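Asker: For reference, the structure I am asking about is given below.
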Amino acid sequence: MHKYKYIEREKSWLNFNARVLQEAADDTVPLLERLRFLGIFSNNLDEFFRVRFAAIRRLSLSGISGKNHFGGISTHQLLKEITQIVIKQQAESLKILHTIEAKLETENIFIIDENHISQEHELFLKDFFIQKISPELITIILNDLAEFPVLKDSVGYLAVKLVMKKKSEVHYALIEIPTTINRFVVLPSNDEKQFVILLDDVIRHHLGSIFNIFDCESISAHMVKITRDAQLEMDSDLSKSMLEKIASSVKDRRIGEPVRFIYDELIEQDTLKFILDKMHIISSDSIIPGGKYHNRRDYMKFPNLGRFDLLYKTNPPLPVPGLNLEGSILEKISRKDYLIHAPYQSFSYLTKFLREAALDPKVLTIKITLYRLAKNSQIISSLINAAKNGKKVTVQIELQARFDEASNISYAEQMQTEGIQLIFGIKGLKVHSKVCVIERIEDDSVKRYGFISTGNFNEQTAKIYTDVTLLTSHQGILKDASKIFEFFEINYRLYRYKHLIVSPHYTRSRFNRMIDREIVNASAGKEAYLKLKMNSLSDFELIDKLYEASNAGVKIQLEVRGICSLIPGIPGMSENIEAISIVDNYLEHSRIYIFGNAGDPEVYISSADFMTRNLDARVEVTCPIYDEKIKKELIDIFDIGWKGNVKARFHSEKLNNKYRVRKGYEPIFRAQFETYNYHQNKVEAINANV
């Protein structure tokens with residue numbers, strides 16, 4: 001047996017973020033998109049420390065070694081190794097940023113700092129500082145405070161050292177960098193040159209003005225940032241509603257334990273020591289030196305400056321053949337199923353479905369699960385419209401959708417006011433399923449319509465996340481979907497489903513049985529394969545089952561965008577398993593599961609990854625596809641991804657993110673571009689026959 005059976009989950013996640021960093025380093029990616037990938041890398045890392053690193057740290061502080069959970073490594077050692085990896089990645093990201101900035105200068109785009117401000121820009125910035133920045137600044141003198149201020153999670157601060165002329169006395173201060181103002185200030189252009197300065201540097205440039213009441217000999221400022229544990233501590237007070245408990249926990253999150261402290265490595269040692277001592281941050285915490293600027297996640301919103309030639313070409317979302325946004329969508333679905341593949345195809349079909357249901361006099365009820373919602377959500381507007389039209393609207397909204405709690409609480413309060421019945425989930429289980437069912441009176445009986453998806457009902461993320469959604473009037477599937485809503489309300493009963501596979505009760509066992517069937521078929525000499533597309537694969541039991549299938553001769557293709565704890569291609573363990581990850585312009589998010597079934601493939605879409613939490617601790621829905629054309633379409637979508645030879649990397653034990661290299665005779669095949677072409681060709685073929 002191979003020495004190791006699994007790749008440690010946290011290291012695999014960091015390896016995924018390294019793939020994001022590869023995109024930032026890739027010369028073939030448009031320059032402004034490379035900045036965006038740097039921002040995504042930084043944002044991902046913030047969330048990693050707030051959630052995963054924080055969880056391991058809690059285990060370490062409690063004295064739990066965690067070796068059984070982390071592949072034989074102790075929590076203490078794992079924290080050290082994570083910190084070392086992150087320091088290396090941060091240094092690499094800084095090099096990439098400098099390279100991008102140099103290339104931007106060749107395009108006449110200059111990101112300047114406080115030491116390179118022209119006289120023309122001086123006048124502009126003086127007015128900008130007085131009018132826009134100064135009123136927003138929070139500045140705190142630290143020396144004489146009885147208690148050190150609570151630094152906000154993932155907000156940037158300038159740690160300021162003031163050396164007085166009198167007796168060289170030293171004062172320390174903190175300036176909170178405002179988040180209400182765009183981090184990137186676009187300056188007046190000059191001779192076709194475009195200039196951008198960071199808000200941090202505008203503040204540095206005006207330190208003398210900020211501290212003009214002090215008689216200073218010198219003032220210096222260096223950036224620091226704290227990342228806090230994002231765990232919600234739930235109040236056990238039985239008199240409080242779930243809404244009140246979550247709202248209270250979200251407020252308390254701002255003072256969670258620090259899990260990472262990042263500082264400008266050029267900061268004076270006395271300033272650094274003063275802050276670390278006052279915050280009681282010890283060496284066992286993750287203290288990471290960095291560059292002059294932190295919160296590089298803000299590069300996701302770097303201004304386009306009108307330079308669309310430095311961005312990816314935007315492809316308009318395509319229509320779904322046979323569906324029309326102007327006619328009745330329910331009438332179309334009553335005859336056959338349809339598949340929507342966002343962002344290649346328009347998300348508007350889902351909002352159209354809900355708007356039509358809200359107005360249709362024959363529609364009695366609408367039931368939907370909501371996890372993450374867009375700002376100013378059209379989904380919420382449609383549901384409120386339905387309630388105002390007398391429909392009985394039931395919404396299961398997940399208040400514990402991480403980092404979306406405050407938004408979901410606000411939407412929940414809004415819906416409650418409008419008379420929508422809300423369900424706040426089940427104790428111990430997050431509801432991650434993506435389901436909608438409506439009931440409509442037809443010929444004196446009730447007929448159901450609905451949709452089941454791999455992604456959130458969020459029109460904003462639908463522009464950048466790849467997800468598939470089934471629109472259906474299959475009464476068996478939708479009867480099962482209705483039972484899920486019954487489970488939300490009466491969850492001490494165990495419900496049985498004829499079509500859907502539902503976590504936490506059935507998903508693990510059903511996946512195991514379907515893999516076992518492939519093993520039996522392979523042993524009998526029949527066609528046996530698995531094609532599995534997901535975000536993450538980390539459940540050891542299912543990994544062992546895939547190893548067993550590999551050893552039985554089942555051919556296994558895995559498209560795993562993020563964490564992959566399985567080690568592919570090891571003789572005697574996984575030689576029949578290949579695994580790739582695609583990181584490109586869109587975020588691969590759909591879960592598509594294809595089982596060979598001796599030449600009669602079964603195809604499923606799912607909200608669940610192969611992770612323990614999705615199998616055992618969440619309400620997830622996996623939906624069978626019965627329509628043969630949609631089956632073929634999903635198999636085609638998987639195969640297009642599998643043929644990718646531009647943005648596809650191999651998962652491997654070495655964690656080296658090796659690209660799939662084209663053979664000399666193979667043409668370039670970029671999976672996401674080819675997926676768009678695939679859908680476009682279908683539209684053109686239908687139009688040609690009209």
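Ordered as shown in the structure tokens, chains take letters A, B, and onward, while each chain numbers its residues from 1 and ligands are numbered from 1 in the order shown.
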When DSSP is applied to the backbone of this structure, which of range 369-601 of chain A are assigned alpha helix (DSSP H)? Write them out as an mmCIF file with C-alpha atoms, in the first residue's frame.
Answerer:
data_model
loop_
_atom_site.group_PDB
_atom_site.id
_atom_site.type_symbol
_atom_site.label_atom_id
_atom_site.label_comp_id
_atom_site.auth_asym_id
_atom_site.auth_seq_id
_atom_site.Cartn_x
_atom_site.Cartn_y
_atom_site.Cartn_z
ATOM 1 C CA GLN A 378 -34.918 39.859 -8.035
ATOM 2 C CA ILE A 379 -35.775 36.483 -6.496
ATOM 3 C CA ILE A 380 -36.918 38.177 -3.281
ATOM 4 C CA SER A 381 -38.890 40.787 -5.248
ATOM 5 C CA SER A 382 -40.710 38.043 -7.154
ATOM 6 C CA LEU A 383 -41.565 36.145 -3.965
ATOM 7 C CA ILE A 384 -42.908 39.292 -2.294
ATOM 8 C CA ASN A 385 -44.925 40.003 -5.433
ATOM 9 C CA ALA A 386 -46.402 36.516 -5.207
ATOM 10 C CA ALA A 387 -47.360 36.995 -1.560
ATOM 11 C CA LYS A 388 -49.045 40.298 -2.395
ATOM 12 C CA GLU A 405 -25.790 35.934 7.613
ATOM 13 C CA ALA A 406 -26.429 39.670 7.921
ATOM 14 C CA SER A 407 -27.789 39.896 4.359
ATOM 15 C CA ASN A 408 -30.063 36.880 4.861
ATOM 16 C CA ILE A 409 -31.348 38.250 8.190
ATOM 17 C CA SER A 410 -32.260 41.499 6.449
ATOM 18 C CA TYR A 411 -34.088 39.630 3.672
ATOM 19 C CA ALA A 412 -35.836 37.401 6.233
ATOM 20 C CA GLU A 413 -37.166 40.427 8.112
ATOM 21 C CA GLN A 414 -38.315 41.963 4.824
ATOM 22 C CA MET A 415 -40.173 38.785 3.819
ATOM 23 C CA GLN A 416 -41.750 38.364 7.243
ATOM 24 C CA THR A 417 -43.169 41.869 6.961
ATOM 25 C CA GLN A 475 -44.522 15.002 -10.804
ATOM 26 C CA GLY A 476 -42.485 12.300 -9.079
ATOM 27 C CA ILE A 477 -39.415 14.492 -8.669
ATOM 28 C CA LEU A 478 -41.488 17.430 -7.464
ATOM 29 C CA LYS A 479 -43.519 15.304 -5.042
ATOM 30 C CA ASP A 480 -40.188 14.328 -3.495
ATOM 31 C CA ALA A 481 -39.166 17.994 -3.435
ATOM 32 C CA SER A 482 -42.370 18.834 -1.552
ATOM 33 C CA LYS A 483 -41.478 16.189 1.039
ATOM 34 C CA ILE A 484 -38.238 18.082 1.717
ATOM 35 C CA PHE A 485 -40.265 21.091 2.804
ATOM 36 C CA GLU A 486 -42.329 18.800 5.039
ATOM 37 C CA PHE A 487 -39.048 17.568 6.547
ATOM 38 C CA PHE A 488 -38.068 21.169 7.320
ATOM 39 C CA GLU A 489 -41.187 21.565 9.422
ATOM 40 C CA THR A 507 -26.776 10.471 -0.099
ATOM 41 C CA ARG A 508 -23.810 8.573 1.311
ATOM 42 C CA SER A 509 -25.462 5.161 1.057
ATOM 43 C CA ARG A 510 -26.824 5.789 -2.461
ATOM 44 C CA PHE A 511 -23.484 7.007 -3.794
ATOM 45 C CA ASN A 512 -21.819 3.956 -2.261
ATOM 46 C CA ARG A 513 -24.382 1.640 -3.880
ATOM 47 C CA MET A 514 -23.982 3.231 -7.308
ATOM 48 C CA ILE A 515 -20.189 2.948 -7.089
ATOM 49 C CA ASP A 516 -20.602 -0.686 -5.948
ATOM 50 C CA ARG A 517 -22.709 -1.338 -9.064
ATOM 51 C CA GLU A 518 -19.830 -0.069 -11.232
ATOM 52 C CA ILE A 519 -17.474 -2.392 -9.356
ATOM 53 C CA VAL A 520 -19.765 -5.373 -10.033
ATOM 54 C CA ASN A 521 -20.053 -4.403 -13.719
ATOM 55 C CA ALA A 522 -16.279 -4.071 -14.075
ATOM 56 C CA SER A 523 -15.778 -7.479 -12.445
ATOM 57 C CA PHE A 540 -12.266 9.608 3.350
ATOM 58 C CA GLU A 541 -14.979 6.930 3.176
ATOM 59 C CA LEU A 542 -15.985 7.872 -0.369
ATOM 60 C CA ILE A 543 -12.345 8.226 -1.375
ATOM 61 C CA ASP A 544 -11.753 4.670 -0.144
ATOM 62 C CA LYS A 545 -14.758 3.540 -2.194
ATOM 63 C CA LEU A 546 -13.280 5.210 -5.298
ATOM 64 C CA TYR A 547 -9.958 3.457 -4.619
ATOM 65 C CA GLU A 548 -11.853 0.168 -4.387
ATOM 66 C CA ALA A 549 -13.554 0.889 -7.711
ATOM 67 C CA SER A 550 -10.223 1.742 -9.321
ATOM 68 C CA ASN A 551 -8.722 -1.540 -8.145
#
Asker: At what distance in Å, to one decimal, does CA of Pro317 in chain A lie from CA of Asp639 in chain A?
Answerer: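 Value for the CA of Asp639 in chain A-CA of Pro317 in chain A distance: 21.2 Å.
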Asker: Near Arg372 in chain A, counting only C-alpha atoms, which residues have an atom at most 12 Å away, once you skip same-chain residues fewer than 2 positions from it, shown as a PyMOL selection string?
Answerer: chain A and resi 369-370+374-375+377+379-380+396-409+411+431-434+455-462
Asker: Using the selection just defined, write its residues with N, CA, C and O atoms as a compact mmCIF listing (two decimals), in the first residue's frame.
Answerer:
# COMPACT_ATOMS: atom_id res chain seq x y z
N THR A 369 -35.97 27.12 -1.41
CA THR A 369 -34.86 27.22 -0.47
C THR A 369 -33.91 28.31 -0.95
O THR A 369 -33.64 28.43 -2.15
N LEU A 370 -33.41 29.11 -0.02
CA LEU A 370 -32.50 30.20 -0.36
C LEU A 370 -31.25 30.11 0.52
O LEU A 370 -31.35 29.96 1.74
N ALA A 374 -28.41 37.72 -4.10
CA ALA A 374 -27.78 38.92 -4.65
C ALA A 374 -28.25 40.15 -3.87
O ALA A 374 -29.29 40.14 -3.22
N LYS A 375 -27.45 41.19 -3.94
CA LYS A 375 -27.89 42.48 -3.42
C LYS A 375 -29.04 42.96 -4.30
O LYS A 375 -28.99 42.86 -5.51
N SER A 377 -32.04 41.56 -4.57
CA SER A 377 -32.39 40.31 -5.23
C SER A 377 -33.73 40.36 -5.96
O SER A 377 -34.76 40.70 -5.38
N ILE A 379 -35.07 37.66 -7.03
CA ILE A 379 -35.78 36.48 -6.50
C ILE A 379 -36.68 36.91 -5.35
O ILE A 379 -37.87 36.54 -5.30
N ILE A 380 -36.13 37.70 -4.42
CA ILE A 380 -36.92 38.18 -3.28
C ILE A 380 -38.08 39.05 -3.77
O ILE A 380 -39.22 38.91 -3.29
N GLN A 396 -37.54 28.65 2.85
CA GLN A 396 -36.53 28.17 3.79
C GLN A 396 -35.27 28.98 3.50
O GLN A 396 -34.66 28.82 2.45
N ILE A 397 -34.90 29.87 4.41
CA ILE A 397 -33.71 30.70 4.21
C ILE A 397 -32.66 30.31 5.23
O ILE A 397 -32.95 30.21 6.43
N GLU A 398 -31.46 30.04 4.75
CA GLU A 398 -30.38 29.58 5.63
C GLU A 398 -29.69 30.78 6.28
O GLU A 398 -28.93 31.50 5.63
N LEU A 399 -29.98 30.99 7.55
CA LEU A 399 -29.41 32.14 8.25
C LEU A 399 -27.93 31.96 8.56
O LEU A 399 -27.24 32.92 8.90
N GLN A 400 -27.44 30.73 8.46
CA GLN A 400 -26.04 30.47 8.79
C GLN A 400 -25.17 30.28 7.53
O GLN A 400 -24.12 29.65 7.60
N ALA A 401 -25.63 30.82 6.39
CA ALA A 401 -24.78 30.82 5.19
C ALA A 401 -23.59 31.73 5.47
O ALA A 401 -23.75 32.94 5.60
N ARG A 402 -22.41 31.15 5.60
CA ARG A 402 -21.27 31.88 6.14
C ARG A 402 -20.97 33.16 5.38
O ARG A 402 -20.88 33.17 4.16
N PHE A 403 -20.83 34.25 6.15
CA PHE A 403 -20.54 35.60 5.69
C PHE A 403 -21.72 36.25 4.95
O PHE A 403 -21.62 37.39 4.52
N ASP A 404 -22.83 35.51 4.79
CA ASP A 404 -24.05 36.10 4.23
C ASP A 404 -25.14 36.18 5.29
O ASP A 404 -26.31 36.45 4.98
N GLU A 405 -24.78 35.96 6.56
CA GLU A 405 -25.79 35.93 7.61
C GLU A 405 -26.54 37.26 7.71
O GLU A 405 -27.77 37.28 7.77
N ALA A 406 -25.79 38.36 7.74
CA ALA A 406 -26.43 39.67 7.92
C ALA A 406 -27.38 39.97 6.77
O ALA A 406 -28.50 40.46 6.98
N SER A 407 -26.94 39.67 5.53
CA SER A 407 -27.79 39.90 4.36
C SER A 407 -29.06 39.04 4.43
O SER A 407 -30.17 39.53 4.18
N ASN A 408 -28.91 37.77 4.80
CA ASN A 408 -30.06 36.88 4.86
C ASN A 408 -31.02 37.27 5.98
O ASN A 408 -32.24 37.11 5.85
N ILE A 409 -30.48 37.77 7.10
CA ILE A 409 -31.35 38.25 8.19
C ILE A 409 -32.18 39.43 7.70
O ILE A 409 -33.38 39.51 7.96
N TYR A 411 -33.06 40.12 4.59
CA TYR A 411 -34.09 39.63 3.67
C TYR A 411 -35.20 38.90 4.42
O TYR A 411 -36.38 39.01 4.08
N VAL A 431 -29.05 24.01 5.55
CA VAL A 431 -29.82 23.67 4.35
C VAL A 431 -29.11 24.29 3.16
O VAL A 431 -29.09 25.50 2.97
N HIS A 432 -28.50 23.42 2.36
CA HIS A 432 -27.67 23.85 1.23
C HIS A 432 -28.31 23.45 -0.10
O HIS A 432 -27.76 23.73 -1.16
N SER A 433 -29.47 22.80 -0.05
CA SER A 433 -30.15 22.37 -1.27
C SER A 433 -30.69 23.57 -2.03
O SER A 433 -30.94 24.63 -1.46
N LYS A 434 -30.89 23.39 -3.34
CA LYS A 434 -31.34 24.48 -4.22
C LYS A 434 -32.61 24.01 -4.93
O LYS A 434 -32.54 23.42 -6.02
N GLY A 455 -26.53 25.43 -7.98
CA GLY A 455 -26.01 26.70 -7.48
C GLY A 455 -27.07 27.55 -6.83
O GLY A 455 -28.27 27.25 -6.86
N ASN A 456 -26.63 28.65 -6.24
CA ASN A 456 -27.53 29.54 -5.52
C ASN A 456 -28.43 30.31 -6.48
O ASN A 456 -28.07 30.55 -7.63
N PHE A 457 -29.59 30.69 -5.98
CA PHE A 457 -30.53 31.48 -6.77
C PHE A 457 -30.13 32.96 -6.62
O PHE A 457 -30.75 33.74 -5.91
N ASN A 458 -29.06 33.29 -7.32
CA ASN A 458 -28.39 34.58 -7.14
C ASN A 458 -27.98 35.11 -8.50
O ASN A 458 -27.08 34.57 -9.15
N GLU A 459 -28.66 36.15 -8.94
CA GLU A 459 -28.44 36.63 -10.31
C GLU A 459 -27.06 37.27 -10.50
O GLU A 459 -26.59 37.40 -11.63
N GLN A 460 -26.39 37.64 -9.41
CA GLN A 460 -25.05 38.21 -9.54
C GLN A 460 -24.00 37.12 -9.73
O GLN A 460 -23.20 37.16 -10.67
N THR A 461 -24.00 36.11 -8.84
CA THR A 461 -23.00 35.04 -8.99
C THR A 461 -23.27 34.20 -10.23
O THR A 461 -22.36 33.56 -10.76
N ALA A 462 -24.52 34.22 -10.72
CA ALA A 462 -24.84 33.47 -11.94
C ALA A 462 -24.11 34.01 -13.16
O ALA A 462 -24.07 33.36 -14.20
Asker: Rounded to one decimal place, report the CA of Asp539 in chain A-CA of Leu45 in chain A distance in Å.
Answerer: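 So the two atoms, CA of Asp539 in chain A and CA of Leu45 in chain A, lie 22.3 Å apart.
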